Amino acid sequence: QKEVEQDPGPLSVPEGAIVSLNCTYSNSAFQYFMWYRQYSRKGPELLMYTYSSGNKEDGRFTAQVDKSSKYISLFIRDSQPSDSATYLCAFFPRGRRALTFGSGTRLQVQP
Amino acid sequence: KAGVTQTPRYLIKTRGQQVTLSCSPISGHRSVSWYQQTPGQGLQFLFEYFSETQRNKGNFPGRFSGRQFSNSRSEMNVSTLELGDSALYLCASSLEALYEQYFGPGTRLTVT
């Protein structure tokens, strides 16, 4: 079983839609939970990180963590064509100095 | 504040050659991590350096090596290149907390 499962998409939505991106994980040692956005031919850009279960909001983005279910989500409100990118979930485990990434979900927001 | 810079941005090498990639972290950041990104395997951790010391290494063969200089700049080297080494090599820097890493644009290496 892979440590992290993330649907590769592509996920296509109309402009203005609410987008939900998800990852499941199996490693109980994961302590910090991150979301990165990667545009084509660019490096990943850190959007948000969170430590505890619950919600964290930043503008149009909300990160949600459910440690009991080992499930994290990123919600994008009022999606824009500029949000079209690949979104990667990432995890930082207790006791190891390296991030583990999901495979990424490609999002396309249609104008 | 300038971001993470990587040079060169694109590189074409032939099998058997070696290559050196360079990374300059954000000013003040002392930790530099390297990742390999491929369509099949995604983002995989190579190694992490802090104050010139390698603190962690991923599951890559010994052909992959790195170092960090006193000014926190880092290089990674791949010797005896194989076709499967074709990838985007990403460098990320952080102050201390590795859950807050900032990536450079990457070096796209093509091995022919």
# chains A, B, ... in the order shown; residues from 1 in each chain; ligands from 1
>>> residues_around(residues="stretch 20-35 of chain B", least_positions_apart="3", cutoff="6 Å", atoms="only C-alpha atoms", output="list in words")
Gly3, Val4, Thr5, Gln6, Thr7, Gln44, Phe45, Leu46, Phe47, Glu48, Tyr49, Phe50, Ser51, Ser72, Arg73, Ser74, Glu75, Met76, Asn77, Tyr89, Leu90, Cys91, Ala92, Ser93, Ser94 and Leu95 of chain B
>>> residues_around(residues="A:Ser52", least_positions_apart="6", cutoff="8 Å", atoms="only C-alpha atoms", output="ChimeraX atom specification")
/A:32,65,67
>>> interface_residues(of="chain A", to="chain B", cutoff="12 Å", atoms="only C-alpha atoms", output="ChimeraX atom specification")
/A:2,4-6,8,30-51,86,88-105
>>> select_by_dssp(residues="chain B", states="strand (DSSP E or B)", output="PyMOL selection string")
chain B and resi 5-7+10-13+19-24+31-38+42-50+53-57+64-68+74-78+87-94+102-103+107-111
>>> residues_around(residues="B:Val111", least_positions_apart="4", cutoff="8 Å", atoms="only C-alpha atoms", output="PDB file with C-alpha atoms, in the first residue's frame")
ATOM      1  CA  ILE B  12      21.176  17.604 -22.047  1.00  0.00           C
ATOM      2  CA  LYS B  13      23.746  14.913 -21.342  1.00  0.00           C
ATOM      3  CA  THR B  14      24.587  11.518 -22.771  1.00  0.00           C
ATOM      4  CA  ARG B  15      24.665   8.208 -20.938  1.00  0.00           C
ATOM      5  CA  LEU B  81      24.267   9.023 -16.042  1.00  0.00           C
ATOM      6  CA  GLU B  82      21.533   6.598 -17.076  1.00  0.00           C
ATOM      7  CA  LEU B  83      18.504   7.211 -19.272  1.00  0.00           C
ATOM      8  CA  GLY B  84      16.287   6.855 -16.186  1.00  0.00           C
ATOM      9  CA  ASP B  85      17.979   9.865 -14.587  1.00  0.00           C
ATOM     10  CA  SER B  86      16.073  12.148 -16.971  1.00  0.00           C
TER      11      SER B  86
END
>>> closest_residue(among="B:Thr80, B:Ala2, B:Ala87, B:Leu109", to="B:Ser65", atoms="only C-alpha atoms")
B:Thr80
>>> closest_residue(among="B:Thr53, B:Gly16, B:Gln36, B:Ser79", to="B:Arg67", atoms="only C-alpha atoms")
B:Thr53
>>> atom_distance(atom1="atom CA of B:Phe64", atom2="atom CA of A:Tyr25")
28.3 Å
>>> atom_distance(atom1="atom CA of A:Gln1", atom2="atom CA of A:Leu74")
22.9 Å
>>> residues_around(residues="A:Glu15", least_positions_apart="2", cutoff="6 Å", atoms="only C-alpha atoms", output="PyMOL selection string")
chain A and resi 17+79-80+109-111
>>> decode(residues="stretch 44-59 of chain B", atoms="all heavy atoms", output="CSV table (one decimal), in the first residue's frame")
chain,number,residue,atom,x,y,z
B,44,GLN,N,10.4,12.7,-5.4
B,44,GLN,CA,11.1,11.8,-4.5
B,44,GLN,C,12.3,12.5,-3.8
B,44,GLN,O,13.1,13.2,-4.5
B,44,GLN,CB,11.6,10.5,-5.2
B,44,GLN,CG,10.5,9.7,-5.7
B,44,GLN,CD,11.0,8.4,-6.3
B,44,GLN,OE1,11.6,8.3,-7.3
B,44,GLN,NE2,10.8,7.3,-5.5
B,45,PHE,N,12.5,12.3,-2.6
B,45,PHE,CA,13.5,13.0,-1.8
B,45,PHE,C,14.9,12.4,-2.1
B,45,PHE,O,15.0,11.1,-2.1
B,45,PHE,CB,13.2,12.9,-0.3
B,45,PHE,CG,14.2,13.3,0.7
B,45,PHE,CD1,14.5,14.7,0.8
B,45,PHE,CD2,15.0,12.4,1.4
B,45,PHE,CE1,15.5,15.1,1.7
B,45,PHE,CE2,15.9,12.8,2.2
B,45,PHE,CZ,16.2,14.1,2.4
B,46,LEU,N,15.8,13.2,-2.3
B,46,LEU,CA,17.2,12.8,-2.6
B,46,LEU,C,18.1,12.9,-1.3
B,46,LEU,O,18.6,11.9,-0.8
B,46,LEU,CB,17.9,13.6,-3.7
B,46,LEU,CG,17.5,13.2,-5.1
B,46,LEU,CD1,17.7,14.3,-6.1
B,46,LEU,CD2,18.3,12.0,-5.5
B,47,PHE,N,18.3,14.1,-0.8
B,47,PHE,CA,19.0,14.4,0.4
B,47,PHE,C,18.8,15.8,0.9
B,47,PHE,O,18.2,16.6,0.2
B,47,PHE,CB,20.5,14.1,0.3
B,47,PHE,CG,21.1,14.3,-1.1
B,47,PHE,CD1,21.1,15.5,-1.7
B,47,PHE,CD2,21.6,13.2,-1.8
B,47,PHE,CE1,21.6,15.7,-3.0
B,47,PHE,CE2,22.1,13.4,-3.1
B,47,PHE,CZ,22.1,14.6,-3.7
B,48,GLU,N,19.2,16.0,2.2
B,48,GLU,CA,19.0,17.3,2.8
B,48,GLU,C,20.3,17.7,3.5
B,48,GLU,O,21.0,16.8,4.2
B,48,GLU,CB,17.9,17.3,3.9
B,48,GLU,CG,17.6,18.7,4.5
B,48,GLU,CD,17.8,18.7,6.0
B,48,GLU,OE1,17.9,17.7,6.7
B,48,GLU,OE2,17.9,19.8,6.5
B,49,TYR,N,20.7,18.9,3.4
B,49,TYR,CA,21.9,19.5,4.0
B,49,TYR,C,21.5,20.6,4.9
B,49,TYR,O,20.6,21.4,4.6
B,49,TYR,CB,22.9,19.9,2.9
B,49,TYR,CG,23.6,18.8,2.2
B,49,TYR,CD1,23.0,18.3,1.1
B,49,TYR,CD2,24.8,18.3,2.7
B,49,TYR,CE1,23.6,17.2,0.4
B,49,TYR,CE2,25.4,17.2,2.0
B,49,TYR,CZ,24.8,16.7,0.9
B,49,TYR,OH,25.4,15.6,0.3
B,50,PHE,N,22.3,20.7,6.0
B,50,PHE,CA,22.1,21.8,6.9
B,50,PHE,C,23.5,22.2,7.5
B,50,PHE,O,24.2,21.3,8.0
B,50,PHE,CB,21.2,21.4,8.1
B,50,PHE,CG,20.9,22.5,9.0
B,50,PHE,CD1,19.9,23.4,8.8
B,50,PHE,CD2,21.7,22.7,10.2
B,50,PHE,CE1,19.6,24.5,9.7
B,50,PHE,CE2,21.4,23.7,11.1
B,50,PHE,CZ,20.4,24.6,10.8
B,51,SER,N,23.9,23.4,7.3
B,51,SER,CA,25.2,23.8,7.8
B,51,SER,C,26.3,22.9,7.3
B,51,SER,O,27.1,22.4,8.1
B,51,SER,CB,25.2,24.0,9.3
B,51,SER,OG,24.4,25.0,9.7
B,52,GLU,N,26.3,22.6,6.1
B,52,GLU,CA,27.3,21.8,5.4
B,52,GLU,C,27.3,20.3,5.7
B,52,GLU,O,28.2,19.6,5.3
B,52,GLU,CB,28.7,22.4,5.6
B,52,GLU,CG,28.9,23.8,5.2
B,52,GLU,CD,30.2,24.4,5.5
B,52,GLU,OE1,31.2,24.0,4.9
B,52,GLU,OE2,30.3,25.3,6.4
B,53,THR,N,26.3,19.9,6.5
B,53,THR,CA,26.2,18.5,6.9
B,53,THR,C,25.0,17.8,6.3
B,53,THR,O,23.9,18.4,6.3
B,53,THR,CB,26.2,18.3,8.4
B,53,THR,OG1,27.3,18.9,9.0
B,53,THR,CG2,26.1,16.9,8.8
B,54,GLN,N,25.2,16.6,5.7
B,54,GLN,CA,24.1,15.9,5.2
B,54,GLN,C,23.3,15.3,6.4
B,54,GLN,O,23.9,14.5,7.1
B,54,GLN,CB,24.5,14.8,4.2
B,54,GLN,CG,23.3,14.1,3.5
B,54,GLN,CD,23.8,12.9,2.7
B,54,GLN,OE1,23.9,11.8,3.1
B,54,GLN,NE2,24.1,13.2,1.4
B,55,ARG,N,22.0,15.6,6.5
B,55,ARG,CA,21.3,15.1,7.7
B,55,ARG,C,20.4,14.0,7.3
B,55,ARG,O,19.9,13.3,8.2
B,55,ARG,CB,20.5,16.3,8.3
B,55,ARG,CG,21.3,17.4,8.9
B,55,ARG,CD,20.6,18.2,9.9
B,55,ARG,NE,19.5,19.0,9.3
B,55,ARG,CZ,18.9,20.0,10.0
B,55,ARG,NH1,19.2,20.2,11.3
B,55,ARG,NH2,17.9,20.7,9.4
B,56,ASN,N,20.1,13.8,6.0
B,56,ASN,CA,19.2,12.7,5.7
B,56,ASN,C,19.4,12.4,4.2
B,56,ASN,O,19.7,13.3,3.4
B,56,ASN,CB,17.7,13.1,5.9
B,56,ASN,CG,16.8,11.9,6.0
B,56,ASN,OD1,17.2,10.8,6.0
B,56,ASN,ND2,15.5,12.2,6.0
B,57,LYS,N,19.2,11.2,3.8
B,57,LYS,CA,19.4,10.7,2.5
B,57,LYS,C,18.2,9.8,2.1
B,57,LYS,O,17.8,9.0,2.9
B,57,LYS,CB,20.7,10.0,2.4
B,57,LYS,CG,21.2,9.7,0.9
B,57,LYS,CD,22.5,9.1,0.9
B,57,LYS,CE,23.2,9.0,-0.4
B,57,LYS,NZ,22.3,8.4,-1.5
B,58,GLY,N,17.7,10.0,0.8
B,58,GLY,CA,16.7,9.1,0.3
B,58,GLY,C,17.2,7.9,-0.3
B,58,GLY,O,18.4,7.6,-0.2
B,59,ASN,N,16.3,7.1,-0.9
B,59,ASN,CA,16.7,5.8,-1.4
B,59,ASN,C,17.2,5.9,-2.9
B,59,ASN,O,16.5,5.4,-3.8
B,59,ASN,CB,15.6,4.8,-1.3
B,59,ASN,CG,15.2,4.5,0.1
B,59,ASN,OD1,16.1,4.4,1.0
B,59,ASN,ND2,13.9,4.3,0.4
